[in-house]
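Quick notes on the structure that follows.
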Amino acid sequence: MALSRTEREQFLAEPHIAALAVSAGDDRAPLTVPIWYDYSPGGDIWIMTGRDSRKAELIASAGRFSLLVDRVEPTIRYVSVEGPVVSTEPAVREQLVSISSRYLPAEKVDGYVDFAWKNHGEQIVIHMRPARWVSSDLGEV
């Protein structure tokens with residue numbers, strides 16, 4: 001059964017690891033990679049990635065990407081969302097703290113942020129406006 005707008009937005013707002021997919025060109029399958037993201041119901045989605053990463057290059061070229069999040073308990077549920085990139089900006093440390101805090105235990109955030117900020121190279125934040133949604137809750141199996 002498809003989720004209501006409220007249900008799908010709330011589910012997407014939870015800290016799931018997303019599968020990001022973006023066109024890799026006519027002769028290739030889409031690039032699909034796991035990624036952290038942030039979303040608040042009714043707003044845009046944002047991700048952080050390396051400025052010179054293949055992912056960043058492909059997103060810039062395509063001008064859009066999709067995310068898929070899912071779970072298997074307590075019911076099988078998924079939300080897929082696709083939309084255009086609405087902005088790209090250099091990342092700031094506070095954004096890395098914010099997204100790391102969403103996924104990591106509080107006591108691990110500072111150490112991870114220090115390491116990542118020093119070692120992952122220059123990062124960018126890409127904002128996507130959700131335009132098309134596909135969602136379902138398949139219930140208990």
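Residue names in the structure tokens use chain letters A, B, ... in the order shown, residue numbers from 1 in each chain, and ligand numbers from 1 in the order shown.
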
Practice item. Excluding range 1-10 of chain A and residues on its chain fewer than 4 positions from it, collect all residues at most 10 Å away from it, counting only C-alpha atoms, and give them as a PyMOL selection string. Key: chain A and resi 14+39-43+77-81+133-139

Residue selection dump (all heavy atoms) as a CSV table (one decimal), in the first residue's frame:
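Result went into selection15.csv, see below:
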chain,number,residue,atom,x,y,z
A,14,GLU,N,13.7,10.1,8.8
A,14,GLU,CA,14.4,9.2,9.7
A,14,GLU,C,15.8,8.9,9.2
A,14,GLU,O,16.0,9.0,8.0
A,14,GLU,CB,13.6,7.9,9.9
A,14,GLU,CG,12.3,8.0,10.5
A,14,GLU,CD,11.4,6.8,10.5
A,14,GLU,OE1,11.9,5.7,10.0
A,14,GLU,OE2,10.3,6.8,10.9
A,39,TYR,N,17.0,15.4,5.7
A,39,TYR,CA,15.7,15.9,5.2
A,39,TYR,C,14.8,16.2,6.3
A,39,TYR,O,14.7,15.5,7.3
A,39,TYR,CB,15.1,14.7,4.3
A,39,TYR,CG,13.7,15.1,3.9
A,39,TYR,CD1,13.5,16.0,2.9
A,39,TYR,CD2,12.6,14.4,4.5
A,39,TYR,CE1,12.2,16.3,2.5
A,39,TYR,CE2,11.3,14.7,4.1
A,39,TYR,CZ,11.1,15.7,3.1
A,39,TYR,OH,9.8,15.9,2.7
A,40,SER,N,14.1,17.3,6.2
A,40,SER,CA,13.0,17.6,7.1
A,40,SER,C,11.7,17.7,6.2
A,40,SER,O,11.7,18.2,5.1
A,40,SER,CB,13.2,19.0,7.8
A,40,SER,OG,14.3,18.9,8.6
A,41,PRO,N,10.6,17.1,6.7
A,41,PRO,CA,9.4,17.1,6.0
A,41,PRO,C,9.0,18.4,5.3
A,41,PRO,O,9.1,19.5,6.0
A,41,PRO,CB,8.3,16.7,7.0
A,41,PRO,CG,9.1,15.8,7.9
A,41,PRO,CD,10.4,16.5,8.1
A,42,GLY,N,8.7,18.4,4.0
A,42,GLY,CA,8.3,19.6,3.3
A,42,GLY,C,9.5,20.4,2.7
A,42,GLY,O,9.3,21.3,2.0
A,43,GLY,N,10.7,20.0,3.1
A,43,GLY,CA,11.9,20.7,2.6
A,43,GLY,C,12.7,20.0,1.5
A,43,GLY,O,12.2,19.1,0.9
A,77,ARG,N,9.0,-1.5,4.2
A,77,ARG,CA,8.6,-0.2,3.8
A,77,ARG,C,9.8,0.5,3.0
A,77,ARG,O,10.9,0.3,3.3
A,77,ARG,CB,8.3,0.7,5.0
A,77,ARG,CG,7.9,2.1,4.7
A,77,ARG,CD,7.6,2.9,6.0
A,77,ARG,NE,6.2,2.5,6.3
A,77,ARG,CZ,5.4,3.3,7.2
A,77,ARG,NH1,5.9,4.4,7.7
A,77,ARG,NH2,4.2,2.9,7.4
A,78,TYR,N,9.4,1.2,2.0
A,78,TYR,CA,10.4,2.0,1.3
A,78,TYR,C,9.9,3.3,0.8
A,78,TYR,O,8.7,3.4,0.6
A,78,TYR,CB,11.0,1.2,0.1
A,78,TYR,CG,10.0,1.0,-1.1
A,78,TYR,CD1,9.9,1.9,-2.1
A,78,TYR,CD2,9.2,-0.1,-1.1
A,78,TYR,CE1,9.0,1.8,-3.1
A,78,TYR,CE2,8.3,-0.3,-2.2
A,78,TYR,CZ,8.2,0.6,-3.2
A,78,TYR,OH,7.3,0.5,-4.2
A,79,VAL,N,10.8,4.2,0.5
A,79,VAL,CA,10.5,5.5,-0.1
A,79,VAL,C,11.6,5.8,-1.1
A,79,VAL,O,12.8,5.7,-0.8
A,79,VAL,CB,10.4,6.6,0.9
A,79,VAL,CG1,10.3,8.0,0.2
A,79,VAL,CG2,9.2,6.5,1.9
A,80,SER,N,11.2,6.1,-2.3
A,80,SER,CA,12.1,6.5,-3.3
A,80,SER,C,11.7,7.9,-3.7
A,80,SER,O,10.5,8.2,-3.9
A,80,SER,CB,12.0,5.6,-4.6
A,80,SER,OG,12.9,6.0,-5.6
A,81,VAL,N,12.7,8.8,-3.9
A,81,VAL,CA,12.4,10.2,-4.2
A,81,VAL,C,13.4,10.6,-5.2
A,81,VAL,O,14.6,10.3,-5.2
A,81,VAL,CB,12.4,11.1,-2.9
A,81,VAL,CG1,13.7,11.1,-2.3
A,81,VAL,CG2,11.9,12.5,-3.3
A,133,TRP,N,7.8,10.9,-6.1
A,133,TRP,CA,7.9,10.0,-5.0
A,133,TRP,C,7.3,8.6,-5.4
A,133,TRP,O,6.3,8.6,-6.1
A,133,TRP,CB,7.1,10.5,-3.8
A,133,TRP,CG,7.5,11.8,-3.2
A,133,TRP,CD1,7.3,13.0,-3.7
A,133,TRP,CD2,8.2,12.0,-2.0
A,133,TRP,NE1,7.8,14.0,-2.9
A,133,TRP,CE2,8.4,13.3,-1.8
A,133,TRP,CE3,8.7,11.1,-1.0
A,133,TRP,CZ2,9.1,13.9,-0.7
A,133,TRP,CZ3,9.4,11.6,0.1
A,133,TRP,CH2,9.6,13.0,0.2
A,134,VAL,N,7.9,7.5,-4.9
A,134,VAL,CA,7.3,6.2,-5.0
A,134,VAL,C,7.5,5.6,-3.6
A,134,VAL,O,8.6,5.7,-3.0
A,134,VAL,CB,8.0,5.3,-6.0
A,134,VAL,CG1,7.4,3.9,-6.0
A,134,VAL,CG2,7.9,5.9,-7.4
A,135,SER,N,6.4,5.1,-3.0
A,135,SER,CA,6.5,4.6,-1.6
A,135,SER,C,5.6,3.4,-1.4
A,135,SER,O,4.5,3.3,-2.1
A,135,SER,CB,6.2,5.7,-0.6
A,135,SER,OG,4.9,6.1,-0.7
A,136,SER,N,5.9,2.6,-0.5
A,136,SER,CA,5.0,1.5,-0.1
A,136,SER,C,5.3,0.9,1.2
A,136,SER,O,6.5,1.0,1.7
A,136,SER,CB,5.1,0.4,-1.2
A,136,SER,OG,4.2,-0.7,-0.9
A,137,ASP,N,4.3,0.4,1.9
A,137,ASP,CA,4.5,-0.4,3.1
A,137,ASP,C,3.8,-1.7,2.7
A,137,ASP,O,2.6,-1.8,2.5
A,137,ASP,CB,3.8,0.3,4.3
A,137,ASP,CG,4.2,-0.4,5.6
A,137,ASP,OD1,4.3,-1.7,5.6
A,137,ASP,OD2,4.5,0.3,6.6
A,138,LEU,N,4.6,-2.8,2.7
A,138,LEU,CA,4.1,-4.1,2.3
A,138,LEU,C,3.6,-4.9,3.5
A,138,LEU,O,3.2,-6.0,3.3
A,138,LEU,CB,5.2,-4.8,1.5
A,138,LEU,CG,5.8,-4.1,0.3
A,138,LEU,CD1,7.0,-4.9,-0.2
A,138,LEU,CD2,4.7,-3.9,-0.7
A,139,GLY,N,3.7,-4.3,4.6
A,139,GLY,CA,3.1,-5.0,5.8
A,139,GLY,C,4.1,-6.0,6.4
A,139,GLY,O,5.3,-6.0,6.0

DSSP on the backbone, alpha helix (DSSP H) only: what residues of range 1-140 of chain A does that give? Format it as an mmCIF file with N, CA and C atoms, in the first residue's frame.
data_model
loop_
_atom_site.group_PDB
_atom_site.id
_atom_site.type_symbol
_atom_site.label_atom_id
_atom_site.label_comp_id
_atom_site.auth_asym_id
_atom_site.auth_seq_id
_atom_site.Cartn_x
_atom_site.Cartn_y
_atom_site.Cartn_z
ATOM 1 N N ARG A 5 1.387 11.220 2.021
ATOM 2 C CA ARG A 5 2.452 12.230 1.958
ATOM 3 C C ARG A 5 3.120 12.378 3.315
ATOM 4 N N THR A 6 2.342 12.477 4.371
ATOM 5 C CA THR A 6 2.892 12.631 5.715
ATOM 6 C C THR A 6 3.750 11.422 6.095
ATOM 7 N N GLU A 7 3.254 10.226 5.820
ATOM 8 C CA GLU A 7 4.001 9.005 6.153
ATOM 9 C C GLU A 7 5.320 8.918 5.388
ATOM 10 N N ARG A 8 5.293 9.205 4.099
ATOM 11 C CA ARG A 8 6.526 9.085 3.316
ATOM 12 C C ARG A 8 7.535 10.158 3.713
ATOM 13 N N GLU A 9 7.073 11.377 3.997
ATOM 14 C CA GLU A 9 7.995 12.426 4.410
ATOM 15 C C GLU A 9 8.590 12.121 5.779
ATOM 16 N N GLN A 10 7.786 11.615 6.701
ATOM 17 C CA GLN A 10 8.291 11.257 8.025
ATOM 18 C C GLN A 10 9.301 10.122 7.926
ATOM 19 N N PHE A 11 9.004 9.109 7.098
ATOM 20 C CA PHE A 11 9.925 7.992 6.921
ATOM 21 C C PHE A 11 11.245 8.472 6.336
ATOM 22 N N LEU A 12 11.197 9.341 5.329
ATOM 23 C CA LEU A 12 12.416 9.871 4.736
ATOM 24 C C LEU A 12 13.206 10.715 5.736
ATOM 25 N N ALA A 13 12.522 11.357 6.664
ATOM 26 C CA ALA A 13 13.200 12.183 7.667
ATOM 27 C C ALA A 13 13.957 11.351 8.699
ATOM 28 N N ARG A 54 33.352 11.273 -8.396
ATOM 29 C CA ARG A 54 32.579 10.887 -9.581
ATOM 30 C C ARG A 54 31.102 11.192 -9.353
ATOM 31 N N LYS A 55 30.636 10.940 -8.140
ATOM 32 C CA LYS A 55 29.242 11.210 -7.782
ATOM 33 C C LYS A 55 28.910 12.680 -8.022
ATOM 34 N N ALA A 56 29.773 13.587 -7.550
ATOM 35 C CA ALA A 56 29.533 15.022 -7.729
ATOM 36 C C ALA A 56 29.533 15.394 -9.210
ATOM 37 N N GLU A 57 30.463 14.836 -9.970
ATOM 38 C CA GLU A 57 30.525 15.122 -11.404
ATOM 39 C C GLU A 57 29.260 14.659 -12.121
ATOM 40 N N LEU A 58 28.810 13.444 -11.806
ATOM 41 C CA LEU A 58 27.619 12.914 -12.466
ATOM 42 C C LEU A 58 26.358 13.686 -12.080
ATOM 43 N N ILE A 59 26.252 14.065 -10.804
ATOM 44 C CA ILE A 59 25.088 14.855 -10.372
ATOM 45 C C ILE A 59 25.084 16.209 -11.065
ATOM 46 N N ALA A 60 26.257 16.843 -11.168
ATOM 47 C CA ALA A 60 26.329 18.136 -11.855
ATOM 48 C C ALA A 60 25.921 17.992 -13.320
ATOM 49 N N SER A 61 26.345 16.916 -13.948
ATOM 50 C CA SER A 61 26.014 16.689 -15.351
ATOM 51 C C SER A 61 24.522 16.394 -15.551
ATOM 52 N N ALA A 62 23.969 15.538 -14.687
ATOM 53 C CA ALA A 62 22.557 15.143 -14.824
ATOM 54 C C ALA A 62 21.599 16.222 -14.331
ATOM 55 N N ARG A 93 32.144 22.972 8.164
ATOM 56 C CA ARG A 93 32.318 21.978 9.217
ATOM 57 C C ARG A 93 31.015 21.716 9.980
ATOM 58 N N GLU A 94 30.208 22.747 10.215
ATOM 59 C CA GLU A 94 28.962 22.586 10.957
ATOM 60 C C GLU A 94 28.004 21.619 10.247
ATOM 61 N N GLN A 95 28.023 21.599 8.915
ATOM 62 C CA GLN A 95 27.187 20.655 8.179
ATOM 63 C C GLN A 95 27.681 19.224 8.373
ATOM 64 N N LEU A 96 28.991 19.053 8.423
ATOM 65 C CA LEU A 96 29.543 17.724 8.681
ATOM 66 C C LEU A 96 29.171 17.266 10.090
ATOM 67 N N VAL A 97 29.216 18.160 11.051
ATOM 68 C CA VAL A 97 28.791 17.826 12.415
ATOM 69 C C VAL A 97 27.315 17.435 12.412
ATOM 70 N N SER A 98 26.492 18.200 11.730
ATOM 71 C CA SER A 98 25.054 17.947 11.699
ATOM 72 C C SER A 98 24.736 16.576 11.110
ATOM 73 N N ILE A 99 25.292 16.270 9.956
ATOM 74 C CA ILE A 99 24.957 14.990 9.322
ATOM 75 C C ILE A 99 25.587 13.825 10.069
ATOM 76 N N SER A 100 26.772 14.020 10.633
ATOM 77 C CA SER A 100 27.409 12.957 11.425
ATOM 78 C C SER A 100 26.596 12.668 12.677
ATOM 79 N N SER A 101 26.050 13.701 13.284
ATOM 80 C CA SER A 101 25.231 13.538 14.493
ATOM 81 C C SER A 101 23.949 12.770 14.194
ATOM 82 N N ARG A 102 23.481 12.853 12.993
ATOM 83 C CA ARG A 102 22.275 12.130 12.572
ATOM 84 C C ARG A 102 22.510 10.620 12.540
ATOM 85 N N TYR A 103 23.741 10.204 12.243
ATOM 86 C CA TYR A 103 24.028 8.785 12.026
ATOM 87 C C TYR A 103 24.914 8.124 13.072
ATOM 88 N N ALA A 106 26.574 9.903 19.816
ATOM 89 C CA ALA A 106 27.087 11.219 20.208
ATOM 90 C C ALA A 106 28.576 11.192 20.561
ATOM 91 N N GLU A 107 29.019 10.150 21.232
ATOM 92 C CA GLU A 107 30.417 10.087 21.670
ATOM 93 C C GLU A 107 31.389 9.834 20.502
ATOM 94 N N LYS A 108 30.897 9.498 19.335
ATOM 95 C CA LYS A 108 31.754 9.239 18.164
ATOM 96 C C LYS A 108 31.830 10.420 17.200
ATOM 97 N N VAL A 109 30.939 11.379 17.351
ATOM 98 C CA VAL A 109 30.829 12.465 16.368
ATOM 99 C C VAL A 109 32.095 13.303 16.282
ATOM 100 N N ASP A 110 32.602 13.798 17.388
ATOM 101 C CA ASP A 110 33.763 14.699 17.345
ATOM 102 C C ASP A 110 34.975 14.035 16.698
ATOM 103 N N GLY A 111 35.258 12.800 17.083
ATOM 104 C CA GLY A 111 36.401 12.093 16.504
ATOM 105 C C GLY A 111 36.233 11.867 15.013
ATOM 106 N N TYR A 112 35.028 11.473 14.601
ATOM 107 C CA TYR A 112 34.781 11.253 13.178
ATOM 108 C C TYR A 112 34.901 12.559 12.400
ATOM 109 N N VAL A 113 34.293 13.624 12.906
ATOM 110 C CA VAL A 113 34.330 14.915 12.213
ATOM 111 C C VAL A 113 35.767 15.401 12.075
ATOM 112 N N ASP A 114 36.557 15.296 13.141
ATOM 113 C CA ASP A 114 37.968 15.712 13.058
ATOM 114 C C ASP A 114 38.698 14.936 11.968
ATOM 115 N N PHE A 115 38.516 13.626 11.959
ATOM 116 C CA PHE A 115 39.173 12.784 10.956
ATOM 117 C C PHE A 115 38.697 13.127 9.549
ATOM 118 N N ALA A 116 37.386 13.163 9.353
ATOM 119 C CA ALA A 116 36.828 13.389 8.023
ATOM 120 C C ALA A 116 37.188 14.766 7.477
ATOM 121 N N TRP A 117 37.130 15.790 8.326
ATOM 122 C CA TRP A 117 37.417 17.149 7.865
ATOM 123 C C TRP A 117 38.866 17.263 7.401
ATOM 124 N N LYS A 118 39.767 16.535 8.060
ATOM 125 C CA LYS A 118 41.191 16.578 7.702
ATOM 126 C C LYS A 118 41.536 15.665 6.531
ATOM 127 N N ASN A 119 40.820 14.557 6.359
ATOM 128 C CA ASN A 119 41.261 13.511 5.442
ATOM 129 C C ASN A 119 40.395 13.249 4.219
#

Point to revise | Distance of CA of Pro74 in chain A from CA of Arg132 in chain A, expressed in Å to one decimal place | key: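 Interatomic distance here is 25.5 Å.
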
Near Met48 in chain A, counting only C-alpha atoms, which residues have an atom at most 8 Å away, once you skip same-chain residues fewer than 2 positions from it, shown as a short mmCIF file (atom, residue, chain, number, x, y, z; two decimals) with all heavy atoms, in the first residue's frame?
data_model
loop_
_atom_site.label_atom_id
_atom_site.label_comp_id
_atom_site.auth_asym_id
_atom_site.auth_seq_id
_atom_site.Cartn_x
_atom_site.Cartn_y
_atom_site.Cartn_z
N TRP A 36 24.82 9.10 3.33
CA TRP A 36 24.07 9.79 4.38
C TRP A 36 23.38 10.98 3.73
O TRP A 36 23.88 11.57 2.77
CB TRP A 36 25.01 10.30 5.45
CG TRP A 36 25.66 9.26 6.30
CD1 TRP A 36 25.41 7.93 6.34
CD2 TRP A 36 26.69 9.49 7.27
NE1 TRP A 36 26.21 7.31 7.27
CE2 TRP A 36 27.00 8.26 7.86
CE3 TRP A 36 27.37 10.62 7.70
CZ2 TRP A 36 27.97 8.12 8.85
CZ3 TRP A 36 28.34 10.48 8.69
CH2 TRP A 36 28.62 9.25 9.25
N TYR A 37 22.24 11.35 4.26
CA TYR A 37 21.49 12.49 3.75
C TYR A 37 20.76 13.14 4.92
O TYR A 37 20.66 12.58 6.00
CB TYR A 37 20.47 12.04 2.69
CG TYR A 37 19.33 11.22 3.28
CD1 TYR A 37 18.14 11.82 3.65
CD2 TYR A 37 19.49 9.86 3.52
CE1 TYR A 37 17.11 11.08 4.22
CE2 TYR A 37 18.47 9.11 4.08
CZ TYR A 37 17.29 9.72 4.43
OH TYR A 37 16.28 8.99 5.01
N TRP A 46 19.47 17.19 1.48
CA TRP A 46 20.85 17.54 1.17
C TRP A 46 21.78 16.38 1.49
O TRP A 46 21.52 15.58 2.37
CB TRP A 46 21.29 18.84 1.83
CG TRP A 46 21.40 18.89 3.32
CD1 TRP A 46 20.41 19.25 4.20
CD2 TRP A 46 22.56 18.61 4.12
NE1 TRP A 46 20.89 19.20 5.49
CE2 TRP A 46 22.20 18.82 5.47
CE3 TRP A 46 23.87 18.21 3.82
CZ2 TRP A 46 23.11 18.64 6.52
CZ3 TRP A 46 24.76 18.03 4.87
CH2 TRP A 46 24.38 18.26 6.20
N GLY A 50 32.49 14.51 -1.83
CA GLY A 50 33.73 15.15 -2.27
C GLY A 50 33.51 16.01 -3.49
O GLY A 50 32.82 15.62 -4.43
N ALA A 91 30.96 22.80 1.45
CA ALA A 91 30.53 22.35 2.77
C ALA A 91 31.27 23.14 3.85
O ALA A 91 32.42 23.55 3.66
CB ALA A 91 30.80 20.87 2.94
N LEU A 96 28.99 19.05 8.42
CA LEU A 96 29.54 17.72 8.68
C LEU A 96 29.17 17.27 10.09
O LEU A 96 28.80 16.11 10.29
CB LEU A 96 31.06 17.72 8.49
CG LEU A 96 31.76 16.38 8.71
CD1 LEU A 96 31.19 15.28 7.82
CD2 LEU A 96 33.27 16.53 8.50
N GLN A 123 34.78 19.14 0.47
CA GLN A 123 33.42 18.60 0.35
C GLN A 123 32.47 19.67 -0.16
O GLN A 123 32.70 20.87 0.03
CB GLN A 123 32.93 18.09 1.71
CG GLN A 123 33.80 17.02 2.32
CD GLN A 123 33.65 15.70 1.62
OE1 GLN A 123 32.56 15.15 1.55
NE2 GLN A 123 34.75 15.18 1.09
N ILE A 124 31.40 19.21 -0.81
CA ILE A 124 30.32 20.11 -1.22
C ILE A 124 29.00 19.56 -0.66
O ILE A 124 28.90 18.38 -0.33
CB ILE A 124 30.23 20.26 -2.75
CG1 ILE A 124 30.01 18.90 -3.43
CG2 ILE A 124 31.44 20.99 -3.30
CD1 ILE A 124 29.73 18.99 -4.93
N VAL A 125 28.03 20.45 -0.55
CA VAL A 125 26.68 20.07 -0.16
C VAL A 125 25.79 20.32 -1.36
O VAL A 125 25.81 21.39 -1.97
CB VAL A 125 26.21 20.88 1.07
CG1 VAL A 125 24.74 20.65 1.35
CG2 VAL A 125 27.05 20.52 2.29
N ILE A 126 25.02 19.28 -1.70
CA ILE A 126 24.11 19.34 -2.85
C ILE A 126 22.68 19.23 -2.33
O ILE A 126 22.37 18.31 -1.58
CB ILE A 126 24.41 18.20 -3.84
CG1 ILE A 126 25.86 18.27 -4.33
CG2 ILE A 126 23.43 18.25 -5.02
CD1 ILE A 126 26.32 17.05 -5.11
#

Hey, what does DSSP flag as strand (DSSP E) within range 7-123 of chain A? Can you give it to me as an mmCIF file with N, CA and C atoms, in the first residue's frame?
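Heads up, here's the output in part.cif:
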data_model
loop_
_atom_site.group_PDB
_atom_site.id
_atom_site.type_symbol
_atom_site.label_atom_id
_atom_site.label_comp_id
_atom_site.auth_asym_id
_atom_site.auth_seq_id
_atom_site.Cartn_x
_atom_site.Cartn_y
_atom_site.Cartn_z
ATOM 1 N N ALA A 18 20.774 5.891 2.638
ATOM 2 C CA ALA A 18 20.095 5.920 1.343
ATOM 3 C C ALA A 18 20.965 5.283 0.271
ATOM 4 N N ALA A 19 20.318 4.766 -0.742
ATOM 5 C CA ALA A 19 20.989 4.400 -1.984
ATOM 6 C C ALA A 19 20.770 5.573 -2.931
ATOM 7 N N LEU A 20 21.844 6.250 -3.299
ATOM 8 C CA LEU A 20 21.775 7.364 -4.239
ATOM 9 C C LEU A 20 22.011 6.803 -5.631
ATOM 10 N N ALA A 21 21.187 7.197 -6.584
ATOM 11 C CA ALA A 21 21.375 6.794 -7.973
ATOM 12 C C ALA A 21 21.382 8.036 -8.856
ATOM 13 N N VAL A 22 22.309 8.039 -9.809
ATOM 14 C CA VAL A 22 22.419 9.148 -10.747
ATOM 15 C C VAL A 22 22.869 8.586 -12.088
ATOM 16 N N LEU A 31 25.040 5.152 -11.630
ATOM 17 C CA LEU A 31 25.895 5.003 -10.458
ATOM 18 C C LEU A 31 24.965 4.912 -9.257
ATOM 19 N N THR A 32 25.129 3.891 -8.437
ATOM 20 C CA THR A 32 24.305 3.703 -7.248
ATOM 21 C C THR A 32 25.234 3.449 -6.073
ATOM 22 N N VAL A 33 25.170 4.318 -5.061
ATOM 23 C CA VAL A 33 26.066 4.224 -3.907
ATOM 24 C C VAL A 33 25.307 4.543 -2.623
ATOM 25 N N PRO A 34 25.752 3.971 -1.493
ATOM 26 C CA PRO A 34 25.133 4.334 -0.219
ATOM 27 C C PRO A 34 25.600 5.723 0.209
ATOM 28 N N ILE A 35 24.716 6.448 0.896
ATOM 29 C CA ILE A 35 25.067 7.806 1.312
ATOM 30 C C ILE A 35 24.234 8.240 2.506
ATOM 31 N N ASP A 38 20.221 14.329 4.682
ATOM 32 C CA ASP A 38 19.384 14.978 5.685
ATOM 33 C C ASP A 38 18.132 15.501 4.998
ATOM 34 N N TYR A 39 17.028 15.430 5.737
ATOM 35 C CA TYR A 39 15.742 15.862 5.196
ATOM 36 C C TYR A 39 14.804 16.202 6.347
ATOM 37 N N ILE A 45 16.192 17.899 0.299
ATOM 38 C CA ILE A 45 17.138 16.909 0.789
ATOM 39 C C ILE A 45 18.532 17.467 0.550
ATOM 40 N N TRP A 46 19.470 17.186 1.478
ATOM 41 C CA TRP A 46 20.848 17.537 1.172
ATOM 42 C C TRP A 46 21.781 16.385 1.489
ATOM 43 N N ILE A 47 22.822 16.310 0.653
ATOM 44 C CA ILE A 47 23.870 15.314 0.812
ATOM 45 C C ILE A 47 25.211 16.033 0.806
ATOM 46 N N MET A 48 26.233 15.375 1.304
ATOM 47 C CA MET A 48 27.587 15.906 1.282
ATOM 48 C C MET A 48 28.469 14.890 0.576
ATOM 49 N N THR A 49 29.318 15.376 -0.314
ATOM 50 C CA THR A 49 30.223 14.489 -1.041
ATOM 51 C C THR A 49 31.480 15.252 -1.431
ATOM 52 N N GLY A 50 32.490 14.513 -1.834
ATOM 53 C CA GLY A 50 33.728 15.146 -2.270
ATOM 54 C C GLY A 50 33.515 16.014 -3.494
ATOM 55 N N ARG A 64 20.160 16.166 -11.533
ATOM 56 C CA ARG A 64 19.164 15.533 -10.669
ATOM 57 C C ARG A 64 19.708 14.199 -10.194
ATOM 58 N N PHE A 65 19.080 13.643 -9.170
ATOM 59 C CA PHE A 65 19.432 12.316 -8.678
ATOM 60 C C PHE A 65 18.251 11.761 -7.908
ATOM 61 N N SER A 66 18.367 10.506 -7.518
ATOM 62 C CA SER A 66 17.311 9.898 -6.715
ATOM 63 C C SER A 66 17.922 9.243 -5.493
ATOM 64 N N LEU A 67 17.087 9.091 -4.470
ATOM 65 C CA LEU A 67 17.445 8.380 -3.246
ATOM 66 C C LEU A 67 16.385 7.323 -2.990
ATOM 67 N N LEU A 68 16.829 6.189 -2.459
ATOM 68 C CA LEU A 68 15.933 5.129 -2.030
ATOM 69 C C LEU A 68 16.315 4.752 -0.605
ATOM 70 N N VAL A 69 15.334 4.772 0.295
ATOM 71 C CA VAL A 69 15.540 4.302 1.667
ATOM 72 C C VAL A 69 14.525 3.208 1.939
ATOM 73 N N ASP A 70 14.943 2.231 2.755
ATOM 74 C CA ASP A 70 14.032 1.137 3.050
ATOM 75 C C ASP A 70 14.317 0.556 4.424
ATOM 76 N N ARG A 71 13.432 -0.321 4.833
ATOM 77 C CA ARG A 71 13.585 -1.079 6.069
ATOM 78 C C ARG A 71 12.839 -2.392 5.892
ATOM 79 N N ILE A 76 7.891 -4.163 5.971
ATOM 80 C CA ILE A 76 8.713 -3.840 4.801
ATOM 81 C C ILE A 76 8.186 -2.533 4.226
ATOM 82 N N ARG A 77 9.050 -1.521 4.229
ATOM 83 C CA ARG A 77 8.642 -0.178 3.805
ATOM 84 C C ARG A 77 9.772 0.456 3.013
ATOM 85 N N TYR A 78 9.412 1.221 1.986
ATOM 86 C CA TYR A 78 10.426 1.974 1.253
ATOM 87 C C TYR A 78 9.861 3.291 0.763
ATOM 88 N N VAL A 79 10.773 4.218 0.535
ATOM 89 C CA VAL A 79 10.463 5.495 -0.095
ATOM 90 C C VAL A 79 11.574 5.771 -1.096
ATOM 91 N N SER A 80 11.170 6.075 -2.311
ATOM 92 C CA SER A 80 12.093 6.506 -3.348
ATOM 93 C C SER A 80 11.689 7.920 -3.740
ATOM 94 N N VAL A 81 12.670 8.790 -3.868
ATOM 95 C CA VAL A 81 12.389 10.179 -4.208
ATOM 96 C C VAL A 81 13.407 10.644 -5.244
ATOM 97 N N GLU A 82 12.927 11.418 -6.203
ATOM 98 C CA GLU A 82 13.777 11.911 -7.282
ATOM 99 C C GLU A 82 13.464 13.367 -7.509
ATOM 100 N N GLY A 83 14.497 14.137 -7.855
ATOM 101 C CA GLY A 83 14.246 15.534 -8.134
ATOM 102 C C GLY A 83 15.472 16.267 -8.617
ATOM 103 N N PRO A 84 15.269 17.543 -8.956
ATOM 104 C CA PRO A 84 16.356 18.357 -9.486
ATOM 105 C C PRO A 84 17.251 18.901 -8.374
ATOM 106 N N VAL A 85 18.495 19.115 -8.741
ATOM 107 C CA VAL A 85 19.424 19.816 -7.860
ATOM 108 C C VAL A 85 19.017 21.287 -7.873
ATOM 109 N N VAL A 86 18.867 21.864 -6.685
ATOM 110 C CA VAL A 86 18.479 23.276 -6.609
ATOM 111 C C VAL A 86 19.625 24.172 -6.150
ATOM 112 N N SER A 87 20.668 23.578 -5.561
ATOM 113 C CA SER A 87 21.858 24.359 -5.217
ATOM 114 C C SER A 87 22.994 23.428 -4.836
ATOM 115 N N THR A 88 24.193 23.946 -5.020
ATOM 116 C CA THR A 88 25.419 23.262 -4.611
ATOM 117 C C THR A 88 26.311 24.324 -3.987
ATOM 118 N N GLU A 89 26.910 23.974 -2.856
ATOM 119 C CA GLU A 89 27.739 24.947 -2.145
ATOM 120 C C GLU A 89 28.897 24.233 -1.470
ATOM 121 N N PRO A 90 29.988 24.959 -1.190
ATOM 122 C CA PRO A 90 31.068 24.351 -0.419
ATOM 123 C C PRO A 90 30.544 23.965 0.968
ATOM 124 N N GLN A 123 34.777 19.139 0.473
ATOM 125 C CA GLN A 123 33.425 18.599 0.348
ATOM 126 C C GLN A 123 32.469 19.674 -0.162
#
